[in-house]
Amino acid sequence: TAVVKINDAEVSESEAWKALKAAVENSSSGDTITIKGKIKATSDAGNNGVIQVNKTLIIKGTDKDSDVLDASNLSGIFAVTTNGYLELSNLTLRNGKLQDTDEQSGGGAIYCEGSILLDGIIITECQDNRLGAGKGMGGAVYCKNTSTANHDVVLTNTVIKNCTASNGGGIAVFGATSAETSCGIGKGVEISGCTLLSTSGKGKAVYIKGKGILD
């Protein structure tokens, strides 16, 4: 049986997604979780679903080509709450897909109401193909600020490719009327091959709305 490592502990590949969700849930604010290998969601109970981040957390791999989080088109991958901060490095996020029953309004790979930092990340083949008001935002990443505090989204050395949404095929950023969401795209960022569901959509690569700011 194939195994992966989460914080150097070997986990069966067939239960790795469940183990990662538990590691995130049981972590303390400021902790670092390391991943080695491919973590793939399955249809087995508990071994799929969006991973909720409601604290300051670092999740890192050692090789973005081999250390992979694959949601198997069963759900999105991460959801960061208003008071959450997620830092990701040296990982690939693949096959995140929001379902009609999902409450979050976008982010095939990452939905964020807090702040995120991505460095050395590949996001590929993620999507939010849902239609209708308040859905289909950000095939890869949707940052939606619903609070009164300013939030930041920072990307460096990151590739977003072949993702799809109604608006913001790659990234969608929305700032509430009372606060700002700043999207900083730094060195080594590539957004390519992202598409929109229809010709009425906006922003194949990046869509900014409200008090969203592109740095």
# chains A, B, ... in the order shown; residues from 1 in each chain; ligands from 1
$ residues_around --residues "A:Glu87" --least-positions-apart "3" --cutoff "10 Å" --atoms "only C-alpha atoms" --output "number ranges by chain"
A: 32, 56-60, 115-119, 154
$ write_last_selection --atoms "N, CA and C atoms" --output "CSV table (one decimal), in the first residue's frame"
chain,number,residue,atom,x,y,z
A,32,THR,N,3.4,24.4,12.0
A,32,THR,CA,3.7,24.0,10.6
A,32,THR,C,3.4,22.6,10.3
A,56,THR,N,-3.7,30.7,12.3
A,56,THR,CA,-2.5,30.9,11.6
A,56,THR,C,-1.8,29.5,11.4
A,57,LEU,N,-1.5,29.2,10.1
A,57,LEU,CA,-1.0,27.8,9.8
A,57,LEU,C,-0.1,27.9,8.6
A,58,ILE,N,0.9,27.1,8.7
A,58,ILE,CA,1.9,26.9,7.5
A,58,ILE,C,1.8,25.4,7.1
A,59,ILE,N,1.5,25.2,5.8
A,59,ILE,CA,1.5,23.9,5.3
A,59,ILE,C,2.5,23.9,4.1
A,60,LYS,N,3.5,23.0,4.2
A,60,LYS,CA,4.6,23.0,3.2
A,60,LYS,C,5.0,21.6,2.7
A,115,SER,N,-6.4,35.8,5.2
A,115,SER,CA,-5.2,36.1,4.4
A,115,SER,C,-4.5,34.8,4.0
A,116,ILE,N,-3.8,34.9,2.9
A,116,ILE,CA,-3.0,33.7,2.4
A,116,ILE,C,-1.7,34.2,1.8
A,117,LEU,N,-0.7,33.4,1.8
A,117,LEU,CA,0.5,33.6,1.2
A,117,LEU,C,0.9,32.3,0.4
A,118,LEU,N,1.0,32.4,-0.9
A,118,LEU,CA,1.4,31.2,-1.7
A,118,LEU,C,2.8,31.4,-2.3
A,119,ASP,N,3.7,30.5,-2.0
A,119,ASP,CA,5.1,30.6,-2.6
A,119,ASP,C,5.5,29.2,-3.1
A,154,VAL,N,-1.1,37.1,-1.2
A,154,VAL,CA,0.2,37.3,-1.8
A,154,VAL,C,0.7,36.1,-2.5
$ closest_residue --among "A:Val159, A:Lys18, A:Asn48, A:Glu113" --to "A:Ser89" --atoms "only C-alpha atoms"
A:Val159
$ residues_around --residues "stretch 64-78 of chain A" --least-positions-apart "3" --cutoff "9 Å" --atoms "only C-alpha atoms" --output "VMD selection string"
chain A and resid 17 35 to 43 48 to 53 60 to 61 89 to 99 102 106 to 112 120 to 122 126 to 128
$ residues_around --residues "A:Val189" --least-positions-apart "4" --cutoff "7 Å" --atoms "only C-alpha atoms" --output "list of chain:residue names"
A:Leu155, A:Thr156, A:Asn157, A:Thr158, A:Val159, A:Ile185
$ write_last_selection --atoms "N, CA, C and O atoms" --output "JSON list (two decimals), in the first residue's frame"
[["chain", "number", "residue", "atom", "x", "y", "z"],
["A", 155, "LEU", "N", 1.07, 36.21, -3.73],
["A", 155, "LEU", "CA", 1.55, 35.08, -4.52],
["A", 155, "LEU", "C", 2.95, 35.37, -5.04],
["A", 155, "LEU", "O", 3.20, 36.44, -5.60],
["A", 156, "THR", "N", 3.87, 34.43, -4.86],
["A", 156, "THR", "CA", 5.19, 34.51, -5.47],
["A", 156, "THR", "C", 5.56, 33.12, -5.99],
["A", 156, "THR", "O", 5.15, 32.09, -5.41],
["A", 157, "ASN", "N", 6.30, 33.08, -7.09],
["A", 157, "ASN", "CA", 6.80, 31.82, -7.65],
["A", 157, "ASN", "C", 5.69, 30.77, -7.77],
["A", 157, "ASN", "O", 5.88, 29.60, -7.44],
["A", 158, "THR", "N", 4.54, 31.22, -8.23],
["A", 158, "THR", "CA", 3.35, 30.37, -8.27],
["A", 158, "THR", "C", 2.78, 30.30, -9.69],
["A", 158, "THR", "O", 2.73, 31.30, -10.39],
["A", 159, "VAL", "N", 2.35, 29.10, -10.07],
["A", 159, "VAL", "CA", 1.75, 28.87, -11.38],
["A", 159, "VAL", "C", 0.29, 28.48, -11.20],
["A", 159, "VAL", "O", -0.03, 27.56, -10.43],
["A", 185, "ILE", "N", 0.65, 40.19, -6.58],
["A", 185, "ILE", "CA", 1.23, 39.21, -7.48],
["A", 185, "ILE", "C", 2.70, 39.55, -7.66],
["A", 185, "ILE", "O", 3.05, 40.54, -8.30]]
$ closest_residue --among "A:Ala16, A:Ala22, A:Ala165, A:Ala9" --to "A:Thr34" --atoms "only C-alpha atoms"
A:Ala9
$ atom_distance --atom1 "atom CA of A:Ala140" --atom2 "atom CA of A:Cys163"
6.0 Å
$ residues_around --residues "A:Gly114" --least-positions-apart "2" --cutoff "8 Å" --atoms "only C-alpha atoms" --output "tab-separated table (two decimals) with all heavy atoms, in the first residue's frame"
chain	number	residue	atom	x	y	z
A	80	VAL	N	-10.35	29.36	4.14
A	80	VAL	CA	-9.72	30.11	5.22
A	80	VAL	C	-10.74	31.09	5.79
A	80	VAL	O	-11.29	31.92	5.05
A	80	VAL	CB	-8.47	30.86	4.72
A	80	VAL	CG1	-7.79	31.59	5.87
A	80	VAL	CG2	-7.50	29.89	4.04
A	81	THR	N	-10.97	31.03	7.08
A	81	THR	CA	-11.99	31.86	7.71
A	81	THR	C	-11.47	33.28	7.92
A	81	THR	O	-10.30	33.58	7.69
A	81	THR	CB	-12.41	31.28	9.06
A	81	THR	OG1	-11.28	31.27	9.94
A	81	THR	CG2	-12.95	29.86	8.90
A	82	THR	N	-12.34	34.15	8.40
A	82	THR	CA	-12.01	35.57	8.57
A	82	THR	C	-10.77	35.77	9.43
A	82	THR	O	-9.94	36.64	9.15
A	82	THR	CB	-13.20	36.31	9.20
A	82	THR	OG1	-14.33	36.17	8.34
A	82	THR	CG2	-12.91	37.78	9.37
A	83	ASN	N	-10.62	34.99	10.48
A	83	ASN	CA	-9.47	35.15	11.38
A	83	ASN	C	-8.34	34.18	11.04
A	83	ASN	O	-7.41	34.01	11.82
A	83	ASN	CB	-9.88	34.97	12.85
A	83	ASN	CG	-10.52	33.62	13.11
A	83	ASN	OD1	-10.92	32.93	12.17
A	83	ASN	ND2	-10.62	33.25	14.37
A	84	GLY	N	-8.39	33.56	9.88
A	84	GLY	CA	-7.38	32.60	9.49
A	84	GLY	C	-6.28	33.20	8.63
A	84	GLY	O	-6.49	34.20	7.92
A	85	TYR	N	-5.09	32.61	8.71
A	85	TYR	CA	-3.96	32.96	7.84
A	85	TYR	C	-3.31	31.65	7.42
A	85	TYR	O	-2.90	30.84	8.25
A	85	TYR	CB	-2.94	33.83	8.58
A	85	TYR	CG	-1.65	34.00	7.79
A	85	TYR	CD1	-1.55	34.96	6.79
A	85	TYR	CD2	-0.54	33.20	8.06
A	85	TYR	CE1	-0.37	35.11	6.07
A	85	TYR	CE2	0.64	33.36	7.35
A	85	TYR	CZ	0.72	34.31	6.36
A	85	TYR	OH	1.88	34.45	5.64
A	112	CYS	N	-10.99	32.10	0.52
A	112	CYS	CA	-10.35	32.81	1.61
A	112	CYS	C	-11.12	34.04	2.04
A	112	CYS	O	-11.36	34.94	1.24
A	112	CYS	CB	-8.92	33.19	1.20
A	112	CYS	SG	-8.01	34.05	2.49
A	116	ILE	N	-3.83	34.88	2.85
A	116	ILE	CA	-3.04	33.73	2.39
A	116	ILE	C	-1.74	34.21	1.76
A	116	ILE	O	-1.66	35.31	1.21
A	116	ILE	CB	-3.81	32.85	1.39
A	116	ILE	CG1	-4.26	33.66	0.16
A	116	ILE	CG2	-4.98	32.16	2.05
A	116	ILE	CD1	-4.91	32.82	-0.92
A	143	CYS	N	-10.80	35.25	-3.01
A	143	CYS	CA	-10.62	35.95	-1.75
A	143	CYS	C	-11.75	36.95	-1.59
A	143	CYS	O	-11.86	37.90	-2.36
A	143	CYS	CB	-9.27	36.62	-1.70
A	143	CYS	SG	-7.93	35.42	-1.64
A	145	ASN	N	-13.54	39.41	1.15
A	145	ASN	CA	-13.43	40.06	2.44
A	145	ASN	C	-14.82	40.45	2.93
A	145	ASN	O	-15.47	41.31	2.36
A	145	ASN	CB	-12.54	41.30	2.33
A	145	ASN	CG	-12.15	41.83	3.70
A	145	ASN	OD1	-12.73	41.46	4.71
A	145	ASN	ND2	-11.15	42.68	3.72
A	151	HIS	N	-7.46	42.58	4.40
A	151	HIS	CA	-6.83	41.28	4.25
A	151	HIS	C	-5.91	41.28	3.05
A	151	HIS	O	-6.08	42.06	2.11
A	151	HIS	CB	-7.89	40.18	4.10
A	151	HIS	CG	-8.68	39.97	5.34
A	151	HIS	ND1	-9.96	39.48	5.34
A	151	HIS	CD2	-8.39	40.17	6.66
A	151	HIS	CE1	-10.42	39.38	6.58
A	151	HIS	NE2	-9.48	39.80	7.39
A	152	ASP	N	-4.91	40.37	3.07
A	152	ASP	CA	-3.92	40.31	2.01
A	152	ASP	C	-3.85	38.93	1.39
A	152	ASP	O	-3.94	37.91	2.07
A	152	ASP	CB	-2.53	40.67	2.56
A	152	ASP	CG	-2.45	42.10	3.05
A	152	ASP	OD1	-2.93	42.98	2.33
A	152	ASP	OD2	-1.94	42.32	4.16
$ atom_distance --atom1 "atom CA of A:Asn162" --atom2 "atom CA of A:Gly138"
12.0 Å
$ atom_distance --atom1 "atom CA of A:Asn167" --atom2 "atom CA of A:Val141"
11.1 Å
$ select_by_dssp --residues "stretch 2-131 of chain A" --states "strand (DSSP E)" --output "number ranges by chain"
A: 3-6, 9-12, 31-36, 38-40, 51-53, 56-60, 68-70, 78-80, 85-94, 110-112, 115-124, 127-128
$ residues_around --residues "A:Leu196" --least-positions-apart "4" --cutoff "10 Å" --atoms "only C-alpha atoms" --output "PDB file with all heavy atoms, in the first residue's frame"
ATOM      1  N   GLN A 127     -11.759  24.294 -10.423  1.00  0.00           N
ATOM      2  CA  GLN A 127     -12.892  24.950 -11.065  1.00  0.00           C
ATOM      3  C   GLN A 127     -14.038  25.231 -10.102  1.00  0.00           C
ATOM      4  O   GLN A 127     -14.224  24.545  -9.105  1.00  0.00           O
ATOM      5  CB  GLN A 127     -13.408  24.077 -12.215  1.00  0.00           C
ATOM      6  CG  GLN A 127     -13.760  22.660 -11.806  1.00  0.00           C
ATOM      7  CD  GLN A 127     -14.047  21.758 -12.983  1.00  0.00           C
ATOM      8  OE1 GLN A 127     -14.952  22.048 -13.768  1.00  0.00           O
ATOM      9  NE2 GLN A 127     -13.303  20.674 -13.100  1.00  0.00           N
ATOM     10  N   ASP A 128     -14.750  26.280 -10.449  1.00  0.00           N
ATOM     11  CA  ASP A 128     -16.068  26.528  -9.869  1.00  0.00           C
ATOM     12  C   ASP A 128     -16.992  26.789 -11.043  1.00  0.00           C
ATOM     13  O   ASP A 128     -17.111  27.911 -11.528  1.00  0.00           O
ATOM     14  CB  ASP A 128     -16.058  27.713  -8.900  1.00  0.00           C
ATOM     15  CG  ASP A 128     -17.416  27.906  -8.237  1.00  0.00           C
ATOM     16  OD1 ASP A 128     -18.341  27.129  -8.564  1.00  0.00           O
ATOM     17  OD2 ASP A 128     -17.556  28.819  -7.411  1.00  0.00           O
ATOM     18  N   ASN A 129     -17.622  25.739 -11.520  1.00  0.00           N
ATOM     19  CA  ASN A 129     -18.475  25.821 -12.705  1.00  0.00           C
ATOM     20  C   ASN A 129     -19.928  26.071 -12.377  1.00  0.00           C
ATOM     21  O   ASN A 129     -20.806  25.911 -13.240  1.00  0.00           O
ATOM     22  CB  ASN A 129     -18.349  24.527 -13.524  1.00  0.00           C
ATOM     23  CG  ASN A 129     -17.008  24.436 -14.226  1.00  0.00           C
ATOM     24  OD1 ASN A 129     -16.304  25.430 -14.359  1.00  0.00           O
ATOM     25  ND2 ASN A 129     -16.647  23.242 -14.656  1.00  0.00           N
ATOM     26  N   GLY A 136     -19.481  30.739  -8.579  1.00  0.00           N
ATOM     27  CA  GLY A 136     -18.639  30.713  -9.770  1.00  0.00           C
ATOM     28  C   GLY A 136     -17.527  31.747  -9.777  1.00  0.00           C
ATOM     29  O   GLY A 136     -17.124  32.226 -10.830  1.00  0.00           O
ATOM     30  N   GLY A 138     -13.640  32.630  -9.153  1.00  0.00           N
ATOM     31  CA  GLY A 138     -12.275  32.185  -8.924  1.00  0.00           C
ATOM     32  C   GLY A 138     -12.075  30.696  -9.121  1.00  0.00           C
ATOM     33  O   GLY A 138     -12.345  29.902  -8.213  1.00  0.00           O
ATOM     34  N   GLY A 139     -11.613  30.314 -10.321  1.00  0.00           N
ATOM     35  CA  GLY A 139     -11.387  28.895 -10.577  1.00  0.00           C
ATOM     36  C   GLY A 139     -10.341  28.305  -9.653  1.00  0.00           C
ATOM     37  O   GLY A 139     -10.477  27.170  -9.190  1.00  0.00           O
ATOM     38  N   CYS A 163      -7.543  26.519 -15.087  1.00  0.00           N
ATOM     39  CA  CYS A 163      -8.644  26.594 -14.127  1.00  0.00           C
ATOM     40  C   CYS A 163      -9.824  27.342 -14.761  1.00  0.00           C
ATOM     41  O   CYS A 163      -9.649  28.095 -15.709  1.00  0.00           O
ATOM     42  CB  CYS A 163      -8.181  27.291 -12.853  1.00  0.00           C
ATOM     43  SG  CYS A 163      -6.895  26.382 -11.952  1.00  0.00           S
ATOM     44  N   THR A 164     -11.015  27.143 -14.220  1.00  0.00           N
ATOM     45  CA  THR A 164     -12.245  27.655 -14.850  1.00  0.00           C
ATOM     46  C   THR A 164     -13.220  28.183 -13.799  1.00  0.00           C
ATOM     47  O   THR A 164     -13.366  27.593 -12.731  1.00  0.00           O
ATOM     48  CB  THR A 164     -12.942  26.543 -15.650  1.00  0.00           C
ATOM     49  OG1 THR A 164     -12.038  25.972 -16.579  1.00  0.00           O
ATOM     50  CG2 THR A 164     -14.149  27.086 -16.411  1.00  0.00           C
ATOM     51  N   ALA A 165     -13.898  29.287 -14.144  1.00  0.00           N
ATOM     52  CA  ALA A 165     -14.954  29.822 -13.292  1.00  0.00           C
ATOM     53  C   ALA A 165     -15.857  30.729 -14.114  1.00  0.00           C
ATOM     54  O   ALA A 165     -15.572  31.029 -15.273  1.00  0.00           O
ATOM     55  CB  ALA A 165     -14.365  30.593 -12.116  1.00  0.00           C
ATOM     56  N   SER A 166     -16.945  31.181 -13.513  1.00  0.00           N
ATOM     57  CA  SER A 166     -17.818  32.154 -14.178  1.00  0.00           C
ATOM     58  C   SER A 166     -17.124  33.501 -14.294  1.00  0.00           C
ATOM     59  O   SER A 166     -17.155  34.157 -15.335  1.00  0.00           O
ATOM     60  CB  SER A 166     -19.129  32.306 -13.405  1.00  0.00           C
ATOM     61  OG  SER A 166     -19.871  31.114 -13.409  1.00  0.00           O
ATOM     62  N   ASN A 167     -16.474  33.929 -13.211  1.00  0.00           N
ATOM     63  CA  ASN A 167     -15.685  35.165 -13.189  1.00  0.00           C
ATOM     64  C   ASN A 167     -14.350  34.881 -12.502  1.00  0.00           C
ATOM     65  O   ASN A 167     -14.311  34.217 -11.464  1.00  0.00           O
ATOM     66  CB  ASN A 167     -16.410  36.268 -12.419  1.00  0.00           C
ATOM     67  CG  ASN A 167     -17.667  36.735 -13.121  1.00  0.00           C
ATOM     68  OD1 ASN A 167     -17.608  37.338 -14.179  1.00  0.00           O
ATOM     69  ND2 ASN A 167     -18.814  36.430 -12.526  1.00  0.00           N
ATOM     70  N   GLY A 168     -13.267  35.389 -13.096  1.00  0.00           N
ATOM     71  CA  GLY A 168     -11.954  35.121 -12.542  1.00  0.00           C
ATOM     72  C   GLY A 168     -11.550  33.677 -12.759  1.00  0.00           C
ATOM     73  O   GLY A 168     -11.562  32.873 -11.824  1.00  0.00           O
ATOM     74  N   GLY A 169     -11.214  33.357 -14.016  1.00  0.00           N
ATOM     75  CA  GLY A 169     -10.836  31.978 -14.307  1.00  0.00           C
ATOM     76  C   GLY A 169      -9.695  31.496 -13.441  1.00  0.00           C
ATOM     77  O   GLY A 169      -9.651  30.333 -13.041  1.00  0.00           O
ATOM     78  N   GLY A 170      -8.741  32.407 -13.133  1.00  0.00           N
ATOM     79  CA  GLY A 170      -7.650  32.062 -12.238  1.00  0.00           C
ATOM     80  C   GLY A 170      -7.914  32.525 -10.817  1.00  0.00           C
ATOM     81  O   GLY A 170      -8.017  31.721  -9.896  1.00  0.00           O
ATOM     82  N   SER A 200     -20.037  36.242 -21.110  1.00  0.00           N
ATOM     83  CA  SER A 200     -20.432  37.329 -20.206  1.00  0.00           C
ATOM     84  C   SER A 200     -19.572  37.383 -18.946  1.00  0.00           C
ATOM     85  O   SER A 200     -19.679  38.313 -18.157  1.00  0.00           O
ATOM     86  CB  SER A 200     -21.904  37.172 -19.803  1.00  0.00           C
ATOM     87  OG  SER A 200     -22.103  35.960 -19.099  1.00  0.00           O
ATOM     88  N   GLY A 201     -18.720  36.385 -18.758  1.00  0.00           N
ATOM     89  CA  GLY A 201     -17.837  36.365 -17.602  1.00  0.00           C
ATOM     90  C   GLY A 201     -16.748  37.414 -17.700  1.00  0.00           C
ATOM     91  O   GLY A 201     -16.472  37.961 -18.776  1.00  0.00           O
ATOM     92  N   LYS A 202     -16.094  37.701 -16.580  1.00  0.00           N
ATOM     93  CA  LYS A 202     -15.063  38.748 -16.532  1.00  0.00           C
ATOM     94  C   LYS A 202     -13.772  38.203 -15.925  1.00  0.00           C
ATOM     95  O   LYS A 202     -13.802  37.537 -14.907  1.00  0.00           O
ATOM     96  CB  LYS A 202     -15.556  39.933 -15.698  1.00  0.00           C
ATOM     97  CG  LYS A 202     -16.810  40.592 -16.251  1.00  0.00           C
ATOM     98  CD  LYS A 202     -17.304  41.700 -15.341  1.00  0.00           C
ATOM     99  CE  LYS A 202     -18.576  42.336 -15.884  1.00  0.00           C
ATOM    100  NZ  LYS A 202     -19.094  43.393 -14.959  1.00  0.00           N
ATOM    101  N   GLY A 203     -12.662  38.521 -16.591  1.00  0.00           N
ATOM    102  CA  GLY A 203     -11.353  38.215 -16.043  1.00  0.00           C
ATOM    103  C   GLY A 203     -10.914  36.774 -16.202  1.00  0.00           C
ATOM    104  O   GLY A 203     -11.019  35.994 -15.260  1.00  0.00           O
ATOM    105  N   LYS A 204     -10.411  36.424 -17.377  1.00  0.00           N
ATOM    106  CA  LYS A 204      -9.916  35.054 -17.557  1.00  0.00           C
ATOM    107  C   LYS A 204      -8.803  34.727 -16.571  1.00  0.00           C
ATOM    108  O   LYS A 204      -8.714  33.610 -16.066  1.00  0.00           O
ATOM    109  CB  LYS A 204      -9.403  34.856 -18.983  1.00  0.00           C
ATOM    110  CG  LYS A 204     -10.480  34.630 -20.025  1.00  0.00           C
ATOM    111  CD  LYS A 204      -9.853  34.298 -21.367  1.00  0.00           C
ATOM    112  CE  LYS A 204     -10.927  34.021 -22.402  1.00  0.00           C
ATOM    113  NZ  LYS A 204     -10.326  33.663 -23.718  1.00  0.00           N
ATOM    114  N   ALA A 205      -7.924  35.687 -16.326  1.00  0.00           N
ATOM    115  CA  ALA A 205      -6.819  35.461 -15.388  1.00  0.00           C
ATOM    116  C   ALA A 205      -7.191  35.942 -13.997  1.00  0.00           C
ATOM    117  O   ALA A 205      -7.159  35.177 -13.025  1.00  0.00           O
ATOM    118  CB  ALA A 205      -5.562  36.157 -15.880  1.00  0.00           C
TER     119      ALA A 205
END
$ closest_residue --among "A:Ser182, A:Ile191, A:Gly175, A:Leu131" --to "A:Ile160" --atoms "only C-alpha atoms"
A:Ile191
$ select_by_dssp --residues "chain A" --states "alpha helix (DSSP H)" --output "list in words"
Ala16, Trp17, Lys18, Ala19, Leu20, Lys21, Ala22, Ala23, Val24, Glu25 and Asn26 of chain A
$ closest_residue --among "A:Lys144, A:Glu125, A:Glu15, A:Ala23" --to "A:Phe174" --atoms "only C-alpha atoms"
A:Lys144
$ residues_around --residues "A:Ser105" --least-positions-apart "5" --cutoff "7 Å" --atoms "only C-alpha atoms" --output "PyMOL selection string"
chain A and resi 134-137
$ write_last_selection --atoms "N, CA and C atoms" --output "compact mmCIF listing (two decimals), in the first residue's frame"
# COMPACT_ATOMS: atom_id res chain seq x y z
N GLY A 134 -23.73 34.97 -6.79
CA GLY A 134 -22.90 34.62 -5.64
C GLY A 134 -22.13 33.33 -5.77
N LYS A 135 -22.03 32.80 -6.99
CA LYS A 135 -21.28 31.57 -7.19
C LYS A 135 -20.36 31.72 -8.40
N GLY A 136 -19.48 30.74 -8.58
CA GLY A 136 -18.64 30.71 -9.77
C GLY A 136 -17.53 31.75 -9.78
N MET A 137 -16.97 32.06 -8.60
CA MET A 137 -15.94 33.10 -8.49
C MET A 137 -14.58 32.46 -8.23
$ closest_residue --among "A:Val24, A:Ala79, A:Ala45, A:Ala19" --to "A:Gln104" --atoms "only C-alpha atoms"
A:Ala79
